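So this one's data-v5.cif, mmCIF, C-alpha atoms and all ligand atoms:
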data_query
loop_
_atom_site.label_atom_id
_atom_site.label_comp_id
_atom_site.auth_asym_id
_atom_site.auth_seq_id
_atom_site.Cartn_x
_atom_site.Cartn_y
_atom_site.Cartn_z
CA MET A 1 181.66 -209.03 -69.30
CA ILE A 2 178.06 -209.42 -70.46
CA ARG A 3 175.75 -207.40 -68.24
CA PHE A 4 172.39 -208.90 -67.31
CA ASN A 5 172.17 -207.15 -63.94
CA CYS A 6 169.72 -204.40 -64.98
CA ASP A 7 167.80 -202.95 -67.91
CA TYR A 8 169.59 -199.63 -68.21
CA SER A 9 173.13 -200.64 -69.13
CA GLU A 10 173.05 -199.13 -72.63
CA GLY A 11 172.26 -195.66 -74.04
CA ALA A 12 169.13 -195.22 -76.12
CA HIS A 13 167.36 -196.94 -79.00
CA GLU A 14 168.96 -195.91 -82.29
CA LYS A 15 165.76 -194.24 -83.54
CA ILE A 16 165.86 -191.93 -80.53
CA MET A 17 169.51 -191.09 -81.09
CA GLU A 18 168.81 -190.38 -84.78
CA ARG A 19 165.92 -188.04 -83.90
CA LEU A 20 167.98 -186.24 -81.26
CA ILE A 21 170.65 -185.59 -83.87
CA GLN A 22 168.14 -184.57 -86.56
CA THR A 23 166.48 -182.06 -84.23
CA ASN A 24 169.68 -180.89 -82.55
CA MET A 25 169.88 -177.43 -84.07
CA GLU A 26 166.17 -176.63 -83.84
CA GLN A 27 165.38 -173.65 -81.65
CA THR A 28 162.53 -174.36 -79.25
CA PRO A 29 161.04 -172.86 -76.09
CA GLY A 30 162.39 -174.44 -72.89
CA TYR A 31 160.86 -176.30 -69.94
CA GLY A 32 158.65 -178.71 -71.87
CA GLU A 33 156.68 -176.03 -73.71
CA ASP A 34 157.95 -176.96 -77.16
CA TYR A 35 156.33 -178.66 -80.10
CA HIS A 36 157.95 -182.07 -79.47
CA CYS A 37 156.67 -182.29 -75.89
CA GLU A 38 153.21 -181.31 -77.09
CA LYS A 39 153.28 -183.93 -79.85
CA ALA A 40 154.49 -186.60 -77.37
CA ARG A 41 151.69 -185.64 -74.97
CA GLU A 42 149.14 -186.08 -77.74
CA LEU A 43 150.56 -189.49 -78.70
CA ILE A 44 150.47 -190.66 -75.07
CA ARG A 45 146.92 -189.39 -74.52
CA ALA A 46 145.86 -191.27 -77.64
CA ALA A 47 147.63 -194.49 -76.59
CA CYS A 48 145.87 -194.29 -73.20
CA ASN A 49 142.54 -193.21 -74.71
CA ALA A 50 142.62 -190.44 -72.13
CA PRO A 51 142.12 -187.20 -74.07
CA GLU A 52 141.76 -185.14 -70.89
CA ALA A 53 144.89 -186.46 -69.14
CA ASP A 54 147.73 -184.14 -68.19
CA VAL A 55 151.12 -185.51 -69.24
CA HIS A 56 154.41 -184.28 -67.72
CA PHE A 57 157.93 -185.45 -68.52
CA LEU A 58 160.42 -186.03 -65.73
CA VAL A 59 163.99 -187.23 -65.88
CA GLY A 60 163.97 -190.29 -63.59
CA GLY A 61 161.88 -192.65 -61.52
CA THR A 62 162.78 -191.45 -58.02
CA GLN A 63 162.05 -187.90 -59.12
CA ALA A 64 158.70 -188.93 -60.62
CA ASN A 65 157.73 -190.83 -57.46
CA LEU A 66 158.58 -188.10 -55.00
CA THR A 67 157.08 -185.33 -57.13
CA VAL A 68 153.77 -187.16 -57.63
CA ILE A 69 153.51 -188.15 -53.98
CA ALA A 70 154.52 -184.74 -52.61
CA ALA A 71 152.05 -183.01 -54.94
CA ALA A 72 149.16 -185.30 -53.99
CA LEU A 73 149.45 -185.45 -50.20
CA ARG A 74 148.75 -182.91 -47.46
CA PRO A 75 151.23 -182.83 -44.55
CA HIS A 76 149.41 -185.36 -42.34
CA GLN A 77 148.79 -187.86 -45.13
CA CYS A 78 150.72 -191.01 -46.03
CA VAL A 79 151.16 -193.45 -48.86
CA ILE A 80 150.56 -197.21 -48.64
CA GLY A 81 152.86 -199.61 -50.51
CA ALA A 82 154.37 -203.10 -50.49
CA ALA A 83 157.33 -203.63 -48.16
CA SER A 84 159.38 -204.24 -51.32
CA ALA A 85 158.20 -200.98 -52.98
CA HIS A 86 160.93 -199.00 -54.69
CA ILE A 87 159.90 -195.86 -52.79
CA HIS A 88 160.44 -197.73 -49.52
CA VAL A 89 163.61 -199.70 -50.21
CA HIS A 90 165.62 -197.89 -52.86
CA GLU A 91 164.93 -194.17 -52.82
CA THR A 92 167.03 -192.96 -49.89
CA GLY A 93 163.99 -191.85 -47.94
CA ALA A 94 163.04 -189.36 -50.70
CA VAL A 95 159.33 -189.64 -49.89
CA GLU A 96 159.94 -189.38 -46.15
CA ALA A 97 162.15 -186.33 -46.82
CA CYS A 98 159.04 -184.68 -48.32
CA GLY A 99 157.36 -185.21 -44.95
CA HIS A 100 155.24 -188.28 -45.70
CA LYS A 101 155.26 -191.65 -44.03
CA ILE A 102 155.13 -194.84 -46.12
CA LEU A 103 152.89 -197.50 -44.59
CA THR A 104 154.22 -200.84 -45.77
CA LEU A 105 152.26 -204.03 -46.29
CA PRO A 106 153.90 -207.46 -46.32
CA SER A 107 154.25 -209.04 -49.75
CA GLU A 108 155.97 -212.14 -51.08
CA ASP A 109 155.66 -211.28 -54.75
CA GLY A 110 155.92 -207.48 -54.80
CA LYS A 111 152.16 -206.96 -55.11
CA ILE A 112 149.55 -205.82 -52.60
CA THR A 113 145.89 -206.77 -52.51
CA ALA A 114 142.67 -204.79 -52.20
CA LYS A 115 141.98 -206.57 -48.91
CA GLN A 116 145.30 -205.48 -47.43
CA VAL A 117 144.53 -201.88 -48.38
CA GLU A 118 141.02 -202.10 -46.92
CA ASP A 119 142.38 -203.54 -43.65
CA CYS A 120 145.04 -200.83 -43.47
CA CYS A 121 142.40 -198.10 -43.88
CA ARG A 122 140.37 -199.63 -41.03
CA GLU A 123 143.41 -199.64 -38.79
CA TYR A 124 144.51 -196.07 -39.49
CA VAL A 125 141.65 -193.94 -38.24
CA GLY A 126 141.69 -190.66 -36.35
CA GLU A 127 144.01 -187.71 -36.02
CA HIS A 128 146.54 -189.44 -33.75
CA MET A 129 147.74 -191.44 -36.74
CA VAL A 130 148.81 -190.55 -40.27
CA GLN A 131 145.94 -190.56 -42.73
CA PRO A 132 146.22 -192.96 -45.69
CA LYS A 133 145.57 -190.98 -48.89
CA MET A 134 147.43 -192.80 -51.64
CA VAL A 135 148.27 -196.35 -52.68
CA TYR A 136 151.55 -196.85 -54.53
CA ILE A 137 152.02 -199.92 -56.70
CA SER A 138 154.61 -200.71 -59.33
CA ASN A 139 153.84 -202.59 -62.54
CA SER A 140 155.82 -204.60 -63.31
CA THR A 141 156.87 -204.81 -59.67
CA GLU A 142 160.36 -204.84 -58.25
CA LEU A 143 160.07 -208.66 -58.44
CA GLY A 144 158.95 -208.69 -62.06
CA THR A 145 155.35 -209.64 -61.30
CA ILE A 146 152.33 -207.89 -62.81
CA TYR A 147 148.80 -206.98 -61.75
CA SER A 148 145.94 -208.60 -63.62
CA LYS A 149 143.02 -206.48 -64.80
CA GLU A 150 140.92 -207.99 -62.06
CA GLU A 151 143.46 -207.23 -59.33
CA LEU A 152 143.88 -203.64 -60.51
CA SER A 153 140.11 -203.19 -60.72
CA GLU A 154 139.74 -204.42 -57.13
CA LEU A 155 142.47 -202.07 -55.94
CA SER A 156 140.89 -199.19 -57.81
CA LYS A 157 137.50 -199.91 -56.20
CA VAL A 158 138.91 -200.07 -52.70
CA CYS A 159 140.84 -196.84 -53.27
CA ARG A 160 137.78 -195.00 -54.53
CA ARG A 161 135.66 -196.29 -51.66
CA ASN A 162 138.25 -195.05 -49.15
CA HIS A 163 139.09 -191.77 -50.94
CA LEU A 164 142.64 -192.87 -51.75
CA TYR A 165 144.53 -192.01 -54.92
CA LEU A 166 145.89 -195.00 -56.83
CA PHE A 167 149.38 -194.34 -58.19
CA MET A 168 151.19 -196.79 -60.47
CA ASP A 169 154.97 -196.58 -60.84
CA GLY A 170 155.52 -197.69 -64.42
CA ALA A 171 159.31 -197.57 -64.54
CA ARG A 172 158.99 -200.97 -66.30
CA LEU A 173 155.47 -200.58 -67.62
CA GLY A 174 156.37 -201.68 -71.16
CA TYR A 175 157.82 -204.98 -69.94
CA GLY A 176 154.69 -205.52 -67.83
CA LEU A 177 152.31 -204.83 -70.71
CA ALA A 178 154.25 -207.06 -73.10
CA ALA A 179 154.31 -210.06 -70.73
CA SER A 180 152.69 -213.19 -72.15
CA ASP A 181 150.23 -213.38 -69.23
CA ASN A 182 149.31 -209.66 -69.16
CA THR A 183 145.62 -208.74 -69.21
CA LEU A 184 145.92 -204.94 -68.79
CA SER A 185 146.06 -202.23 -71.44
CA LEU A 186 147.28 -198.64 -71.13
CA GLU A 187 143.64 -197.66 -71.48
CA ASP A 188 142.68 -199.83 -68.46
CA ILE A 189 145.48 -198.32 -66.41
CA ALA A 190 144.40 -194.77 -67.30
CA ALA A 191 140.83 -195.61 -66.32
CA LEU A 192 141.67 -197.41 -63.06
CA CYS A 193 144.53 -195.27 -61.67
CA ASP A 194 144.48 -191.60 -60.70
CA VAL A 195 148.06 -191.08 -61.79
CA PHE A 196 150.75 -193.32 -63.27
CA TYR A 197 153.93 -193.04 -65.26
CA ILE A 198 155.27 -194.64 -68.37
CA GLY A 199 158.92 -195.46 -67.91
CA GLY A 200 161.39 -194.55 -70.61
CA THR A 201 164.75 -194.90 -68.83
CA LYS A 202 164.52 -198.69 -68.74
CA VAL A 203 162.61 -199.02 -72.01
CA GLY A 204 164.66 -197.49 -74.80
CA ALA A 205 165.09 -193.85 -73.77
CA LEU A 206 168.32 -192.22 -72.68
CA PHE A 207 166.31 -191.04 -69.70
CA GLY A 208 162.77 -189.95 -68.93
CA GLU A 209 159.44 -190.91 -67.42
CA ALA A 210 156.04 -189.66 -68.65
CA VAL A 211 153.69 -188.92 -65.75
CA VAL A 212 150.02 -189.25 -66.77
CA ILE A 213 147.47 -187.61 -64.47
CA THR A 214 143.86 -188.57 -65.04
CA ASN A 215 142.24 -187.43 -61.78
CA PRO A 216 141.42 -183.70 -62.09
CA GLU A 217 142.12 -183.21 -58.35
CA LEU A 218 145.79 -183.97 -58.97
CA LYS A 219 146.27 -181.70 -61.96
CA PRO A 220 146.44 -178.14 -60.51
CA ASP A 221 149.90 -176.67 -59.95
CA PHE A 222 151.73 -179.89 -60.82
CA ARG A 223 154.33 -177.90 -62.78
CA TYR A 224 155.04 -175.82 -59.66
CA PHE A 225 155.84 -179.02 -57.78
CA ILE A 226 158.11 -180.22 -60.59
CA LYS A 227 159.99 -176.93 -60.62
CA GLN A 228 160.29 -176.58 -56.86
CA ARG A 229 161.71 -180.12 -56.57
CA GLY A 230 164.33 -179.38 -59.21
CA GLY A 231 162.74 -181.57 -61.85
CA MET A 232 161.95 -179.06 -64.60
CA LEU A 233 164.51 -179.67 -67.31
CA ALA A 234 165.40 -176.44 -69.15
CA LYS A 235 166.02 -178.41 -72.36
CA GLY A 236 162.73 -180.22 -71.79
CA ARG A 237 162.46 -181.01 -75.48
CA LEU A 238 164.99 -183.81 -74.98
CA LEU A 239 162.28 -185.66 -73.07
CA GLY A 240 159.52 -184.82 -75.55
CA ILE A 241 161.56 -185.99 -78.53
CA GLN A 242 162.31 -189.32 -76.88
CA PHE A 243 158.67 -190.04 -75.99
CA GLU A 244 157.56 -188.87 -79.43
CA VAL A 245 159.76 -191.56 -80.98
CA LEU A 246 158.73 -194.20 -78.43
CA PHE A 247 155.03 -193.62 -79.11
CA GLU A 248 155.27 -193.45 -82.90
CA ASP A 249 154.67 -196.71 -84.74
CA ASN A 250 154.19 -198.57 -81.45
CA LEU A 251 157.95 -198.62 -80.83
CA TYR A 252 157.47 -198.70 -77.04
CA MET A 253 155.55 -201.96 -77.17
CA LYS A 254 157.68 -203.49 -79.92
CA ILE A 255 160.92 -203.09 -77.97
CA SER A 256 159.29 -204.17 -74.70
CA SER A 257 158.01 -207.28 -76.39
CA TYR A 258 161.46 -208.04 -77.80
CA ALA A 259 162.93 -207.96 -74.27
CA ASP A 260 160.16 -210.12 -72.82
CA ARG A 261 160.49 -212.75 -75.56
CA LEU A 262 164.24 -213.03 -74.86
CA ALA A 263 163.42 -213.39 -71.15
CA ASP A 264 160.87 -216.11 -72.02
CA LYS A 265 163.57 -217.99 -73.93
CA LEU A 266 166.01 -217.73 -71.04
CA ARG A 267 163.34 -218.68 -68.51
CA ALA A 268 162.38 -221.77 -70.52
CA ALA A 269 166.02 -222.85 -70.64
CA LEU A 270 166.47 -222.28 -66.90
CA THR A 271 163.33 -224.25 -66.10
CA ALA A 272 164.39 -227.09 -68.41
CA ALA A 273 167.78 -227.18 -66.66
CA GLY A 274 166.02 -227.59 -63.30
CA TYR A 275 166.48 -224.14 -61.76
CA SER A 276 163.81 -222.82 -59.41
CA TYR A 277 162.93 -219.17 -58.78
CA LEU A 278 162.67 -216.72 -55.92
CA VAL A 279 159.46 -215.47 -57.58
CA GLU A 280 157.86 -216.65 -60.81
CA ASN A 281 156.92 -214.05 -63.42
CA GLN A 282 156.70 -213.53 -67.18
CA THR A 283 158.47 -210.16 -67.58
CA ASN A 284 162.04 -209.09 -68.34
CA GLN A 285 163.37 -209.71 -64.82
CA ILE A 286 164.11 -213.33 -63.87
CA PHE A 287 165.04 -214.39 -60.34
CA PRO A 288 166.63 -217.87 -60.50
CA ILE A 289 168.12 -219.62 -57.50
CA MET A 290 171.63 -220.86 -58.22
CA SER A 291 174.29 -222.75 -56.34
CA ASP A 292 177.16 -220.58 -55.19
CA GLU A 293 179.44 -222.90 -57.16
CA LYS A 294 177.57 -222.16 -60.40
CA LEU A 295 177.56 -218.44 -59.68
CA GLY A 296 181.31 -218.64 -59.13
CA GLN A 297 181.75 -220.28 -62.55
CA LEU A 298 179.69 -217.61 -64.29
CA GLN A 299 180.99 -214.51 -62.55
CA ASP A 300 183.95 -213.79 -64.83
CA LYS A 301 181.76 -213.73 -67.92
CA TYR A 302 178.35 -212.43 -66.76
CA CYS A 303 177.11 -209.76 -64.41
CA PHE A 304 173.88 -210.48 -62.46
CA ASN A 305 172.26 -208.59 -59.61
CA TYR A 306 172.72 -210.42 -56.31
CA GLU A 307 169.34 -210.59 -54.56
CA ARG A 308 169.62 -212.68 -51.42
CA ARG A 309 170.97 -215.81 -49.79
CA ILE A 310 168.55 -218.74 -49.91
CA ASP A 311 170.49 -221.34 -47.89
CA GLU A 312 174.08 -222.23 -47.11
CA THR A 313 174.91 -223.12 -50.69
CA HIS A 314 172.37 -221.23 -52.83
CA SER A 315 171.56 -217.62 -53.68
CA ALA A 316 168.91 -215.84 -55.72
CA VAL A 317 170.04 -213.44 -58.43
CA ARG A 318 168.24 -211.11 -60.82
CA ILE A 319 168.83 -211.50 -64.54
CA CYS A 320 167.35 -208.78 -66.77
CA THR A 321 166.85 -208.57 -70.47
CA SER A 322 166.06 -205.24 -72.11
CA TRP A 323 165.27 -203.59 -75.43
CA ALA A 324 169.04 -203.67 -76.07
CA THR A 325 169.90 -207.26 -75.10
CA LYS A 326 171.63 -209.19 -77.86
CA GLU A 327 170.09 -212.54 -78.70
CA GLU A 328 173.54 -214.10 -79.03
CA ASP A 329 174.33 -213.08 -75.44
CA VAL A 330 171.18 -214.85 -74.24
CA GLU A 331 172.19 -217.92 -76.23
CA ALA A 332 175.68 -217.87 -74.73
CA LEU A 333 174.21 -217.65 -71.24
CA ILE A 334 171.81 -220.52 -71.93
CA LYS A 335 174.73 -222.64 -73.04
CA ASP A 336 176.74 -221.82 -69.92
CA LEU A 337 173.80 -222.44 -67.62
C1 LIG A 401 160.07 -199.81 -59.93
C2 LIG A 401 161.07 -198.68 -59.96
N1 LIG A 401 160.65 -197.43 -59.75
C3 LIG A 401 161.49 -196.39 -59.76
C4 LIG A 401 162.84 -196.56 -60.01
C5 LIG A 401 163.75 -195.38 -59.88
O1 LIG A 401 164.32 -194.97 -61.01
P1 LIG A 401 165.59 -193.99 -61.02
O2 LIG A 401 166.77 -194.86 -60.79
O3 LIG A 401 165.50 -193.42 -62.40
O4 LIG A 401 165.41 -192.95 -59.98
C6 LIG A 401 163.33 -197.86 -60.26
C7 LIG A 401 164.76 -198.06 -60.55
O5 LIG A 401 165.29 -199.12 -60.63
C8 LIG A 401 162.43 -198.95 -60.21
O6 LIG A 401 162.85 -200.20 -60.38
#
Just give me the structure as structure tokens.
Amino acid sequence: MIRFNCDYSEGAHEKIMERLIQTNMEQTPGYGEDYHCEKARELIRAACNAPEADVHFLVGGTQANLTVIAAALRPHQCVIGAASAHIHVHETGAVEACGHKILTLPSEDGKITAKQVEDCCREYVGEHMVQPKMVYISNSTELGTIYSKEELSELSKVCRRNHLYLFMDGARLGYGLAASDNTLSLEDIAALCDVFYIGGTKVGALFGEAVVITNPELKPDFRYFIKQRGGMLAKGRLLGIQFEVLFEDNLYMKISSYADRLADKLRAALTAAGYSYLVENQTNQIFPIMSDEKLGQLQDKYCFNYERRIDETHSAVRICTSWATKEEDVEALIKDL
């Protein structure tokens, strides 16, 4: 079985495994206060050109989302996101369990617009309703789409005008930044968002997300929130070491680019063979629409993520490439498609 259903089917990039072994017997302080975490923080601040940013390492995406949101909002405040947002659809109500409502906006492609946010702020006024205080976006989105620099700038403006924090979930940030049509840099994201995270779990790490806080209002006591929510890893150096490797020699972008180029190759073959898509994008997640007959022929050899039924005889699936995808597996799939 060749797994294309997600981008976290394997362990970690070999350079990370080597470094974990090399450093295994080092004695370090716990809870992210070691030399490796500090070095990784410096590398991330430099990559974002954000020397004043606070950087915290968390184990997973759901944990990063709920910790950031719970730390930023007061009890009566809510977060705005797309109806397809990971925090809304796939996190078991983790944000709601922290006491905050998610206001969802309709979206066909996983993105939300500045106008939608502005309209939402106009609608939610007064103490009989929750108060919007944060906008959550993911980049790339759950549907593999990305925000352009212009779109992110517009969102940032509307957020600042309405006193909202802009939070970017970057579980797949590398694959977004390496897309052939991307216009954003890490530096832009640091300048336009108040807080965001750089995903490691799906981009070469065994596990780990690096939360980058640029807005000084969000910095105080963040470690208390991490600890109280159970997110402070005693052997925190395991996170620091992984991000140190990912941000040395541009490894993060190199492996993201590798995955996106394989996805481009697969996408070109799908398009040439006449397949259409649930949503078009240029990142590592592809959403082709296939006949149920074709899916039946492929199911013994390949694993895809079933997305949704399109009509009586067709369904949309998700096919992912990753830093670990083998080129020969993509070629085999192209042949079978
Ligand atoms: C956009 C996005 N954010 C967050 C997560 C959550 O990550 P985790 O499974 O590590 O909690 C995912 C997982 O698929 C995701 O796709």
* **Which residue of A:Cys320, A:Leu238, A:Met232, A:Leu155 approaches ligand LIG 401 (chain A) most closely, using only C-alpha atoms and all ligand atoms** =>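 Of A:Cys320, A:Leu238, A:Met232, A:Leu155, the one nearest ligand LIG 401 (chain A), counting only C-alpha atoms and all ligand atoms, is A:Cys320.
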* To do: Within 8 Å of ligand LIG 401 (chain A), which residues show up when you count all atoms listed in the file? List them as an MDAnalysis selection string, please.
  => chainID A and resid 59:65 85:87 90:91 138:142 169:172 201 207:208
* To do: Skip region 29-45 of chain A itself and residues of its chain fewer than 6 positions away, then list as a list in words all residues within 6 Å of it, counting all atoms listed in the file.
  =>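 The residues that qualify are Pro51, Val55, Leu233, Ala234, Lys235, Gly236, Arg237, Gly240, Ile241, Phe243 and Glu244 of chain A.
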* Computed interatomic separation between CA of Leu337 (chain A) and CA of Thr313 (chain A) (Å) ->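 Value for the CA of Leu337 (chain A)-CA of Thr313 (chain A) distance: 17.0 Å.
Atom pair CA of Val279 (chain A) / CA of Gly11 (chain A) has a distance of 28.8 Å (rounded to one decimal).
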Got a minute to add N, CA and C atoms to region 29-50 of chain A and dump it as a CSV table (one decimal), keeping the file's coordinate frame?
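Okay, part.csv is ready:
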chain,number,residue,atom,x,y,z
A,29,PRO,N,161.2,-173.4,-77.5
A,29,PRO,CA,161.0,-172.9,-76.1
A,29,PRO,C,161.5,-173.9,-75.1
A,30,GLY,N,161.9,-173.5,-73.9
A,30,GLY,CA,162.4,-174.4,-72.9
A,30,GLY,C,161.3,-175.0,-72.0
A,31,TYR,N,161.7,-175.8,-71.0
A,31,TYR,CA,160.9,-176.3,-69.9
A,31,TYR,C,159.6,-177.1,-70.4
A,32,GLY,N,159.7,-177.8,-71.5
A,32,GLY,CA,158.6,-178.7,-71.9
A,32,GLY,C,157.5,-178.0,-72.6
A,33,GLU,N,157.8,-176.8,-73.0
A,33,GLU,CA,156.7,-176.0,-73.7
A,33,GLU,C,156.9,-176.0,-75.2
A,34,ASP,N,157.6,-176.9,-75.7
A,34,ASP,CA,158.0,-177.0,-77.2
A,34,ASP,C,157.0,-177.9,-77.9
A,35,TYR,N,157.1,-177.9,-79.2
A,35,TYR,CA,156.3,-178.7,-80.1
A,35,TYR,C,156.5,-180.2,-79.9
A,36,HIS,N,157.7,-180.6,-79.6
A,36,HIS,CA,158.0,-182.1,-79.5
A,36,HIS,C,157.3,-182.6,-78.2
A,37,CYS,N,157.3,-181.8,-77.1
A,37,CYS,CA,156.7,-182.3,-75.9
A,37,CYS,C,155.2,-182.3,-76.1
A,38,GLU,N,154.6,-181.3,-76.8
A,38,GLU,CA,153.2,-181.3,-77.1
A,38,GLU,C,152.8,-182.5,-77.9
A,39,LYS,N,153.6,-182.8,-79.0
A,39,LYS,CA,153.3,-183.9,-79.8
A,39,LYS,C,153.3,-185.3,-79.0
A,40,ALA,N,154.4,-185.4,-78.2
A,40,ALA,CA,154.5,-186.6,-77.4
A,40,ALA,C,153.3,-186.7,-76.4
A,41,ARG,N,152.9,-185.6,-75.9
A,41,ARG,CA,151.7,-185.6,-75.0
A,41,ARG,C,150.5,-186.2,-75.7
A,42,GLU,N,150.3,-185.6,-76.9
A,42,GLU,CA,149.1,-186.1,-77.7
A,42,GLU,C,149.2,-187.6,-78.0
A,43,LEU,N,150.4,-188.1,-78.4
A,43,LEU,CA,150.6,-189.5,-78.7
A,43,LEU,C,150.3,-190.4,-77.5
A,44,ILE,N,150.7,-189.9,-76.3
A,44,ILE,CA,150.5,-190.7,-75.1
A,44,ILE,C,149.0,-190.6,-74.7
A,45,ARG,N,148.4,-189.5,-74.8
A,45,ARG,CA,146.9,-189.4,-74.5
A,45,ARG,C,146.2,-190.3,-75.4
A,46,ALA,N,146.6,-190.4,-76.7
A,46,ALA,CA,145.9,-191.3,-77.6
A,46,ALA,C,146.1,-192.7,-77.3
A,47,ALA,N,147.3,-193.1,-76.9
A,47,ALA,CA,147.6,-194.5,-76.6
A,47,ALA,C,146.9,-194.9,-75.3
A,48,CYS,N,146.6,-194.0,-74.4
A,48,CYS,CA,145.9,-194.3,-73.2
A,48,CYS,C,144.4,-194.1,-73.3
A,49,ASN,N,143.9,-193.6,-74.5
A,49,ASN,CA,142.5,-193.2,-74.7
A,49,ASN,C,142.1,-192.3,-73.5
A,50,ALA,N,142.9,-191.4,-73.2
A,50,ALA,CA,142.6,-190.4,-72.1
A,50,ALA,C,142.8,-189.0,-72.6
